[in-house]
Amino acid sequence: MLGARLVSEHTNLKRCVSIGHMSPARVHALKDAGIQRVHHNVETAESYYPEVSTTVRYEGRLRTIDAVKEAGLETCVGGILNLGETREQRVEMAFELAGIDPTSVPINLLNPRPGTKFGDRPLMDPWEVVRWIAIFRLILPEALFRLCGGRVENLGELQATAVKAGLNGVMMGNFLTTLGNTPEEDRSMFSGLGLNVARQPDDGSNPRPDNRAGWLDGETPRRRRRAPSRTGHV
């Protein structure tokens, strides 16, 4: 709490925490300390969740998310694709997220790590990733939709195409146990798409690029070109 309060008092940074399950009382304490958003993923579809976690119940995740919303804080809720779930279960997760209606939806792509439960799974086909980004965007039209872990390994040269399929942004830099693009590489990618990557005057203290608050002027940049399909057709 002390760290959150110090950041709140001495910077204008956006303050988001990712600290696991929380009671309503703890959520309110975080709010009082200056926290603005809480990250807590559902991870996968409810019907597939027992294959992913046996120590944390899905219902418990929803209780934490409900406590965050009831406290008036923003929510950051997403999951991981390619854990062995079916296509139907991916759609199930997308609609579950739509029901939660989070401010931010971070989607991760499995980056298999040797020795882990899903370490022997192959990477997703890059074009399959692009299609699922488009599907999630259709189901979650209002969310601030980000692509996070595993995007470099799974998408490769199609990262820019994935942005055009419906992303608002990406998580820049490195992840918990793996490396990502350098910030310079990501800035170059967004600039190449004609998107604004300039530092905002408020230093991110009130970032709403999904424009639900209506404070952004101008129009969405147009596509510069179409990406060819796997078969060479547009």
# chains A, B, ... in the order shown; residues from 1 in each chain; ligands from 1
call {"tool": "select_by_dssp", "arguments": {"residues": "stretch 60-162 of chain A", "states": "helix (DSSP H, G or I)", "output": "PyMOL selection string"}}
result
chain A and resi 60-70+87-100+126-139+151-162
call {"tool": "write_last_selection", "arguments": {"atoms": "N, CA and C atoms", "output": "compact mmCIF listing (two decimals), in the first residue's frame"}}
result
# COMPACT_ATOMS: atom_id res chain seq x y z
N GLY A 60 -13.52 -17.90 -7.95
CA GLY A 60 -12.75 -16.97 -7.14
C GLY A 60 -12.21 -15.82 -7.95
N ARG A 61 -11.83 -16.09 -9.17
CA ARG A 61 -11.36 -15.01 -10.05
C ARG A 61 -12.49 -14.02 -10.31
N LEU A 62 -13.68 -14.55 -10.57
CA LEU A 62 -14.82 -13.67 -10.83
C LEU A 62 -15.17 -12.84 -9.60
N ARG A 63 -15.03 -13.42 -8.42
CA ARG A 63 -15.33 -12.66 -7.19
C ARG A 63 -14.38 -11.48 -7.03
N THR A 64 -13.10 -11.72 -7.34
CA THR A 64 -12.13 -10.62 -7.26
C THR A 64 -12.48 -9.52 -8.26
N ILE A 65 -12.82 -9.92 -9.49
CA ILE A 65 -13.17 -8.93 -10.52
C ILE A 65 -14.41 -8.15 -10.12
N ASP A 66 -15.40 -8.84 -9.55
CA ASP A 66 -16.61 -8.15 -9.09
C ASP A 66 -16.28 -7.15 -7.98
N ALA A 67 -15.38 -7.52 -7.08
CA ALA A 67 -15.01 -6.62 -5.99
C ALA A 67 -14.33 -5.37 -6.53
N VAL A 68 -13.51 -5.55 -7.56
CA VAL A 68 -12.82 -4.41 -8.18
C VAL A 68 -13.83 -3.47 -8.83
N LYS A 69 -14.80 -4.02 -9.54
CA LYS A 69 -15.79 -3.19 -10.21
C LYS A 69 -16.68 -2.48 -9.20
N GLU A 70 -17.07 -3.20 -8.14
CA GLU A 70 -17.94 -2.59 -7.14
C GLU A 70 -17.24 -1.44 -6.40
N ARG A 87 -11.75 -24.33 -30.38
CA ARG A 87 -12.18 -23.06 -30.96
C ARG A 87 -13.44 -22.55 -30.26
N GLU A 88 -14.35 -23.49 -29.96
CA GLU A 88 -15.58 -23.10 -29.28
C GLU A 88 -15.27 -22.51 -27.91
N GLN A 89 -14.27 -23.04 -27.24
CA GLN A 89 -13.92 -22.53 -25.92
C GLN A 89 -13.24 -21.16 -26.01
N ARG A 90 -12.55 -20.89 -27.10
CA ARG A 90 -12.01 -19.54 -27.28
C ARG A 90 -13.14 -18.53 -27.43
N VAL A 91 -14.15 -18.90 -28.20
CA VAL A 91 -15.31 -18.02 -28.34
C VAL A 91 -16.03 -17.88 -26.99
N GLU A 92 -16.11 -18.97 -26.24
CA GLU A 92 -16.71 -18.93 -24.91
C GLU A 92 -15.99 -17.91 -24.03
N MET A 93 -14.65 -17.94 -24.04
CA MET A 93 -13.90 -17.00 -23.23
C MET A 93 -14.15 -15.56 -23.68
N ALA A 94 -14.22 -15.35 -24.98
CA ALA A 94 -14.47 -14.00 -25.49
C ALA A 94 -15.81 -13.46 -25.00
N PHE A 95 -16.85 -14.30 -25.02
CA PHE A 95 -18.16 -13.85 -24.54
C PHE A 95 -18.18 -13.69 -23.03
N GLU A 96 -17.41 -14.52 -22.31
CA GLU A 96 -17.30 -14.33 -20.87
C GLU A 96 -16.65 -12.97 -20.56
N LEU A 97 -15.63 -12.61 -21.32
CA LEU A 97 -14.99 -11.31 -21.16
C LEU A 97 -15.96 -10.18 -21.51
N ALA A 98 -16.77 -10.38 -22.54
CA ALA A 98 -17.76 -9.37 -22.91
C ALA A 98 -18.75 -9.15 -21.78
N GLY A 99 -19.10 -10.21 -21.08
CA GLY A 99 -20.01 -10.08 -19.95
C GLY A 99 -19.38 -9.32 -18.79
N ILE A 100 -18.08 -9.49 -18.60
CA ILE A 100 -17.36 -8.77 -17.54
C ILE A 100 -17.20 -7.31 -17.92
N PRO A 126 0.62 -18.05 -37.45
CA PRO A 126 0.46 -16.59 -37.38
C PRO A 126 -0.88 -16.10 -37.91
N TRP A 127 -1.36 -16.69 -39.01
CA TRP A 127 -2.62 -16.23 -39.58
C TRP A 127 -3.81 -16.64 -38.71
N GLU A 128 -3.66 -17.74 -37.99
CA GLU A 128 -4.70 -18.12 -37.03
C GLU A 128 -4.79 -17.08 -35.91
N VAL A 129 -3.64 -16.61 -35.47
CA VAL A 129 -3.62 -15.56 -34.44
C VAL A 129 -4.35 -14.32 -34.94
N VAL A 130 -4.06 -13.91 -36.17
CA VAL A 130 -4.70 -12.72 -36.74
C VAL A 130 -6.21 -12.90 -36.78
N ARG A 131 -6.65 -14.08 -37.20
CA ARG A 131 -8.11 -14.33 -37.27
C ARG A 131 -8.74 -14.24 -35.88
N TRP A 132 -8.07 -14.77 -34.86
CA TRP A 132 -8.66 -14.74 -33.53
C TRP A 132 -8.66 -13.35 -32.94
N ILE A 133 -7.69 -12.55 -33.28
CA ILE A 133 -7.72 -11.15 -32.85
C ILE A 133 -8.96 -10.47 -33.44
N ALA A 134 -9.23 -10.71 -34.71
CA ALA A 134 -10.40 -10.12 -35.35
C ALA A 134 -11.70 -10.62 -34.70
N ILE A 135 -11.75 -11.89 -34.35
CA ILE A 135 -12.94 -12.45 -33.71
C ILE A 135 -13.16 -11.83 -32.33
N PHE A 136 -12.08 -11.72 -31.54
CA PHE A 136 -12.21 -11.11 -30.22
C PHE A 136 -12.64 -9.66 -30.33
N ARG A 137 -12.11 -8.94 -31.32
CA ARG A 137 -12.50 -7.54 -31.50
C ARG A 137 -13.99 -7.43 -31.83
N LEU A 138 -14.53 -8.33 -32.64
CA LEU A 138 -15.95 -8.30 -32.97
C LEU A 138 -16.81 -8.54 -31.73
N ILE A 139 -16.35 -9.43 -30.85
CA ILE A 139 -17.11 -9.76 -29.66
C ILE A 139 -16.92 -8.72 -28.56
N ARG A 151 3.62 -12.73 -28.47
CA ARG A 151 3.28 -12.18 -29.79
C ARG A 151 4.46 -12.27 -30.75
N VAL A 152 5.68 -12.08 -30.26
CA VAL A 152 6.84 -12.15 -31.15
C VAL A 152 7.02 -13.57 -31.69
N GLU A 153 6.94 -14.55 -30.79
CA GLU A 153 7.17 -15.93 -31.19
C GLU A 153 6.07 -16.47 -32.09
N ASN A 154 4.81 -16.11 -31.82
CA ASN A 154 3.69 -16.66 -32.57
C ASN A 154 3.38 -15.90 -33.86
N LEU A 155 3.64 -14.60 -33.88
CA LEU A 155 3.26 -13.80 -35.03
C LEU A 155 4.42 -13.49 -35.97
N GLY A 156 5.60 -13.34 -35.44
CA GLY A 156 6.74 -13.03 -36.29
C GLY A 156 6.52 -11.75 -37.07
N GLU A 157 6.62 -11.84 -38.40
CA GLU A 157 6.50 -10.67 -39.26
C GLU A 157 5.06 -10.19 -39.42
N LEU A 158 4.10 -10.92 -38.86
CA LEU A 158 2.70 -10.51 -38.99
C LEU A 158 2.21 -9.67 -37.81
N GLN A 159 3.11 -9.18 -36.99
CA GLN A 159 2.68 -8.37 -35.85
C GLN A 159 1.92 -7.12 -36.30
N ALA A 160 2.39 -6.47 -37.36
CA ALA A 160 1.69 -5.28 -37.85
C ALA A 160 0.32 -5.64 -38.39
N THR A 161 0.20 -6.79 -39.03
CA THR A 161 -1.10 -7.25 -39.53
C THR A 161 -2.05 -7.50 -38.36
N ALA A 162 -1.53 -8.03 -37.28
CA ALA A 162 -2.35 -8.27 -36.09
C ALA A 162 -2.89 -6.96 -35.52
call {"tool": "select_by_dssp", "arguments": {"residues": "stretch 17-226 of chain A", "states": "strand (DSSP E)", "output": "list in words"}}
result
Val17, Arg37, Val38, His39, Glu74, Thr75, Cys76, Gly79, Ile80, Leu81, Ser104, Val105, Pro106, Ile107, Asn108, Leu109, Leu144, Phe145, Arg146, Leu147, Gly169 and Val170 of chain A
call {"tool": "residues_around", "arguments": {"residues": "A:Thr75", "least_positions_apart": "6", "cutoff": "7 Å", "atoms": "only C-alpha atoms", "output": "MDAnalysis selection string"}}
result
chainID A and resid 37:39 68:69 102:104
call {"tool": "write_last_selection", "arguments": {"atoms": "all heavy atoms", "output": "PDB file, in the first residue's frame"}}
result
ATOM      1  N   ARG A  37      -6.527   0.921 -11.456  1.00  0.00           N
ATOM      2  CA  ARG A  37      -6.931  -0.233 -12.254  1.00  0.00           C
ATOM      3  C   ARG A  37      -6.330  -1.499 -11.660  1.00  0.00           C
ATOM      4  O   ARG A  37      -5.213  -1.478 -11.140  1.00  0.00           O
ATOM      5  CB  ARG A  37      -6.468  -0.068 -13.703  1.00  0.00           C
ATOM      6  CG  ARG A  37      -6.880  -1.207 -14.640  1.00  0.00           C
ATOM      7  CD  ARG A  37      -6.345  -0.987 -16.052  1.00  0.00           C
ATOM      8  NE  ARG A  37      -6.920   0.196 -16.670  1.00  0.00           N
ATOM      9  CZ  ARG A  37      -6.556   0.647 -17.878  1.00  0.00           C
ATOM     10  NH1 ARG A  37      -5.617   0.014 -18.566  1.00  0.00           N
ATOM     11  NH2 ARG A  37      -7.130   1.725 -18.380  1.00  0.00           N
ATOM     12  N   VAL A  38      -7.064  -2.607 -11.742  1.00  0.00           N
ATOM     13  CA  VAL A  38      -6.588  -3.893 -11.232  1.00  0.00           C
ATOM     14  C   VAL A  38      -6.614  -4.917 -12.350  1.00  0.00           C
ATOM     15  O   VAL A  38      -7.620  -5.069 -13.054  1.00  0.00           O
ATOM     16  CB  VAL A  38      -7.448  -4.393 -10.046  1.00  0.00           C
ATOM     17  CG1 VAL A  38      -7.000  -5.789  -9.615  1.00  0.00           C
ATOM     18  CG2 VAL A  38      -7.353  -3.411  -8.879  1.00  0.00           C
ATOM     19  N   HIS A  39      -5.497  -5.621 -12.506  1.00  0.00           N
ATOM     20  CA  HIS A  39      -5.375  -6.677 -13.517  1.00  0.00           C
ATOM     21  C   HIS A  39      -5.599  -8.029 -12.861  1.00  0.00           C
ATOM     22  O   HIS A  39      -4.962  -8.369 -11.863  1.00  0.00           O
ATOM     23  CB  HIS A  39      -3.979  -6.624 -14.146  1.00  0.00           C
ATOM     24  CG  HIS A  39      -3.636  -7.855 -14.922  1.00  0.00           C
ATOM     25  ND1 HIS A  39      -2.670  -8.743 -14.515  1.00  0.00           N
ATOM     26  CD2 HIS A  39      -4.150  -8.339 -16.079  1.00  0.00           C
ATOM     27  CE1 HIS A  39      -2.587  -9.736 -15.393  1.00  0.00           C
ATOM     28  NE2 HIS A  39      -3.472  -9.515 -16.341  1.00  0.00           N
ATOM     29  N   VAL A  68     -13.510  -5.549  -7.562  1.00  0.00           N
ATOM     30  CA  VAL A  68     -12.819  -4.410  -8.183  1.00  0.00           C
ATOM     31  C   VAL A  68     -13.834  -3.465  -8.825  1.00  0.00           C
ATOM     32  O   VAL A  68     -13.761  -2.240  -8.657  1.00  0.00           O
ATOM     33  CB  VAL A  68     -11.801  -4.903  -9.225  1.00  0.00           C
ATOM     34  CG1 VAL A  68     -11.230  -3.738 -10.028  1.00  0.00           C
ATOM     35  CG2 VAL A  68     -10.674  -5.673  -8.546  1.00  0.00           C
ATOM     36  N   LYS A  69     -14.795  -4.023  -9.544  1.00  0.00           N
ATOM     37  CA  LYS A  69     -15.793  -3.186 -10.211  1.00  0.00           C
ATOM     38  C   LYS A  69     -16.684  -2.481  -9.203  1.00  0.00           C
ATOM     39  O   LYS A  69     -17.025  -1.302  -9.380  1.00  0.00           O
ATOM     40  CB  LYS A  69     -16.633  -4.058 -11.153  1.00  0.00           C
ATOM     41  CG  LYS A  69     -15.833  -4.656 -12.308  1.00  0.00           C
ATOM     42  CD  LYS A  69     -16.657  -5.592 -13.164  1.00  0.00           C
ATOM     43  CE  LYS A  69     -17.672  -4.851 -13.999  1.00  0.00           C
ATOM     44  NZ  LYS A  69     -18.352  -5.754 -14.952  1.00  0.00           N
ATOM     45  N   PRO A 102     -14.484  -5.505 -19.241  1.00  0.00           N
ATOM     46  CA  PRO A 102     -13.326  -4.832 -18.648  1.00  0.00           C
ATOM     47  C   PRO A 102     -12.913  -3.599 -19.441  1.00  0.00           C
ATOM     48  O   PRO A 102     -13.200  -3.482 -20.627  1.00  0.00           O
ATOM     49  CB  PRO A 102     -12.222  -5.899 -18.703  1.00  0.00           C
ATOM     50  CG  PRO A 102     -12.728  -6.989 -19.579  1.00  0.00           C
ATOM     51  CD  PRO A 102     -14.129  -6.708 -19.969  1.00  0.00           C
ATOM     52  N   THR A 103     -12.233  -2.691 -18.779  1.00  0.00           N
ATOM     53  CA  THR A 103     -11.667  -1.540 -19.471  1.00  0.00           C
ATOM     54  C   THR A 103     -10.597  -1.992 -20.450  1.00  0.00           C
ATOM     55  O   THR A 103     -10.522  -1.530 -21.584  1.00  0.00           O
ATOM     56  CB  THR A 103     -11.046  -0.562 -18.457  1.00  0.00           C
ATOM     57  OG1 THR A 103     -12.027  -0.221 -17.485  1.00  0.00           O
ATOM     58  CG2 THR A 103     -10.538   0.692 -19.151  1.00  0.00           C
ATOM     59  N   SER A 104      -9.733  -2.906 -19.991  1.00  0.00           N
ATOM     60  CA  SER A 104      -8.605  -3.387 -20.781  1.00  0.00           C
ATOM     61  C   SER A 104      -8.663  -4.901 -20.891  1.00  0.00           C
ATOM     62  O   SER A 104      -8.968  -5.586 -19.909  1.00  0.00           O
ATOM     63  CB  SER A 104      -7.293  -2.959 -20.116  1.00  0.00           C
ATOM     64  OG  SER A 104      -6.182  -3.530 -20.774  1.00  0.00           O
TER      65      SER A 104
END
call {"tool": "residues_around", "arguments": {"residues": "A:His28", "least_positions_apart": "4", "cutoff": "7 Å", "atoms": "only C-alpha atoms", "output": "short mmCIF file (atom, residue, chain, number, x, y, z; two decimals) with C-alpha atoms, in the first residue's frame"}}
result
data_model
loop_
_atom_site.label_atom_id
_atom_site.label_comp_id
_atom_site.auth_asym_id
_atom_site.auth_seq_id
_atom_site.Cartn_x
_atom_site.Cartn_y
_atom_site.Cartn_z
CA PRO A 24 -13.64 -6.14 -1.12
CA ASP A 32 -7.64 4.69 -1.03
CA ALA A 71 -15.16 -0.42 -5.70
#
call {"tool": "residues_around", "arguments": {"residues": "A:Val7", "least_positions_apart": "3", "cutoff": "12 Å", "atoms": "only C-alpha atoms", "output": "PyMOL selection string"}}
result
chain A and resi 1-4+10-17+33-36+205
call {"tool": "atom_distance", "arguments": {"atom1": "atom CA of A:Val56", "atom2": "atom CA of A:His21"}}
result
9.1 Å
call {"tool": "atom_distance", "arguments": {"atom1": "atom CA of A:Met124", "atom2": "atom CA of A:Gly150"}}
result
9.8 Å
call {"tool": "atom_distance", "arguments": {"atom1": "atom CA of A:Glu46", "atom2": "atom CA of A:Leu140"}}
result
17.6 Å
call {"tool": "closest_residue", "arguments": {"among": "A:Ser47, A:Thr55, A:Thr116, A:Asn108", "to": "A:Glu85", "atoms": "only C-alpha atoms"}}
result
A:Ser47
call {"tool": "closest_residue", "arguments": {"among": "A:Gly115, A:Gly78, A:Gly180, A:Gly192", "to": "A:Val163", "atoms": "only C-alpha atoms"}}
result
A:Gly192
call {"tool": "residues_around", "arguments": {"residues": "A:Pro50", "least_positions_apart": "6", "cutoff": "12 Å", "atoms": "only C-alpha atoms", "output": "list in words"}}
result
Val42, Glu43, Thr44, Val56, Arg57, Tyr58, Glu59, Leu83, Gly84 and Glu85 of chain A
call {"tool": "write_last_selection", "arguments": {"atoms": "all heavy atoms", "output": "CSV table (one decimal), in the first residue's frame"}}
result
chain,number,residue,atom,x,y,z
A,42,VAL,N,-9.0,-14.1,-16.4
A,42,VAL,CA,-9.7,-15.3,-16.2
A,42,VAL,C,-8.9,-16.5,-16.7
A,42,VAL,O,-9.3,-17.6,-16.5
A,42,VAL,CB,-11.1,-15.2,-16.9
A,42,VAL,CG1,-12.0,-14.2,-16.3
A,42,VAL,CG2,-11.0,-15.0,-18.4
A,43,GLU,N,-7.9,-16.2,-17.6
A,43,GLU,CA,-7.0,-17.2,-18.2
A,43,GLU,C,-7.5,-17.9,-19.4
A,43,GLU,O,-6.9,-18.0,-20.4
A,43,GLU,CB,-6.4,-18.2,-17.1
A,43,GLU,CG,-5.8,-17.5,-15.9
A,43,GLU,CD,-4.6,-16.6,-16.2
A,43,GLU,OE1,-4.3,-16.4,-17.4
A,43,GLU,OE2,-4.0,-16.1,-15.3
A,44,THR,N,-8.7,-18.5,-19.2
A,44,THR,CA,-9.3,-19.3,-20.3
A,44,THR,C,-10.8,-19.4,-20.1
A,44,THR,O,-11.3,-18.8,-19.2
A,44,THR,CB,-8.6,-20.7,-20.4
A,44,THR,OG1,-9.0,-21.4,-21.6
A,44,THR,CG2,-9.0,-21.6,-19.2
A,56,VAL,N,-6.5,-22.6,-8.0
A,56,VAL,CA,-7.3,-21.4,-8.0
A,56,VAL,C,-8.6,-21.6,-8.7
A,56,VAL,O,-8.6,-21.9,-9.9
A,56,VAL,CB,-6.6,-20.2,-8.6
A,56,VAL,CG1,-7.4,-18.9,-8.5
A,56,VAL,CG2,-5.3,-19.9,-7.8
A,57,ARG,N,-9.8,-21.4,-8.1
A,57,ARG,CA,-11.0,-21.7,-8.7
A,57,ARG,C,-11.5,-20.5,-9.6
A,57,ARG,O,-11.2,-19.3,-9.3
A,57,ARG,CB,-12.1,-21.9,-7.7
A,57,ARG,CG,-11.9,-23.2,-6.8
A,57,ARG,CD,-13.0,-23.4,-5.9
A,57,ARG,NE,-14.2,-23.7,-6.5
A,57,ARG,CZ,-15.4,-23.9,-5.9
A,57,ARG,NH1,-15.4,-23.9,-4.6
A,57,ARG,NH2,-16.5,-24.2,-6.6
A,58,TYR,N,-12.1,-20.8,-10.7
A,58,TYR,CA,-12.6,-19.8,-11.6
A,58,TYR,C,-13.6,-18.8,-10.9
A,58,TYR,O,-13.5,-17.6,-11.2
A,58,TYR,CB,-13.3,-20.5,-12.8
A,58,TYR,CG,-13.7,-19.6,-13.9
A,58,TYR,CD1,-12.8,-19.3,-15.0
A,58,TYR,CD2,-15.0,-19.0,-14.0
A,58,TYR,CE1,-13.2,-18.5,-16.0
A,58,TYR,CE2,-15.4,-18.2,-15.0
A,58,TYR,CZ,-14.5,-17.9,-16.1
A,58,TYR,OH,-14.8,-17.1,-17.1
A,59,GLU,N,-14.4,-19.4,-10.1
A,59,GLU,CA,-15.4,-18.5,-9.4
A,59,GLU,C,-14.7,-17.5,-8.5
A,59,GLU,O,-15.1,-16.4,-8.3
A,59,GLU,CB,-16.3,-19.4,-8.5
A,59,GLU,CG,-17.2,-20.3,-9.3
A,59,GLU,CD,-16.5,-21.6,-9.7
A,59,GLU,OE1,-15.3,-21.8,-9.4
A,59,GLU,OE2,-17.2,-22.5,-10.3
A,83,LEU,N,-3.8,-23.0,-25.1
A,83,LEU,CA,-3.5,-23.9,-24.0
A,83,LEU,C,-4.1,-25.3,-24.2
A,83,LEU,O,-4.1,-26.1,-23.3
A,83,LEU,CB,-4.1,-23.3,-22.7
A,83,LEU,CG,-3.5,-22.0,-22.2
A,83,LEU,CD1,-4.2,-21.5,-21.0
A,83,LEU,CD2,-2.0,-22.1,-21.9
A,84,GLY,N,-4.6,-25.5,-25.4
A,84,GLY,CA,-5.3,-26.8,-25.7
A,84,GLY,C,-6.8,-26.7,-25.8
A,84,GLY,O,-7.5,-27.7,-26.0
A,85,GLU,N,-7.3,-25.5,-25.6
A,85,GLU,CA,-8.7,-25.3,-25.7
A,85,GLU,C,-9.2,-25.4,-27.1
A,85,GLU,O,-8.4,-25.3,-28.1
A,85,GLU,CB,-9.1,-23.8,-25.2
A,85,GLU,CG,-8.6,-22.7,-26.1
A,85,GLU,CD,-7.2,-22.3,-26.1
A,85,GLU,OE1,-6.4,-22.9,-25.2
A,85,GLU,OE2,-6.7,-21.5,-26.9
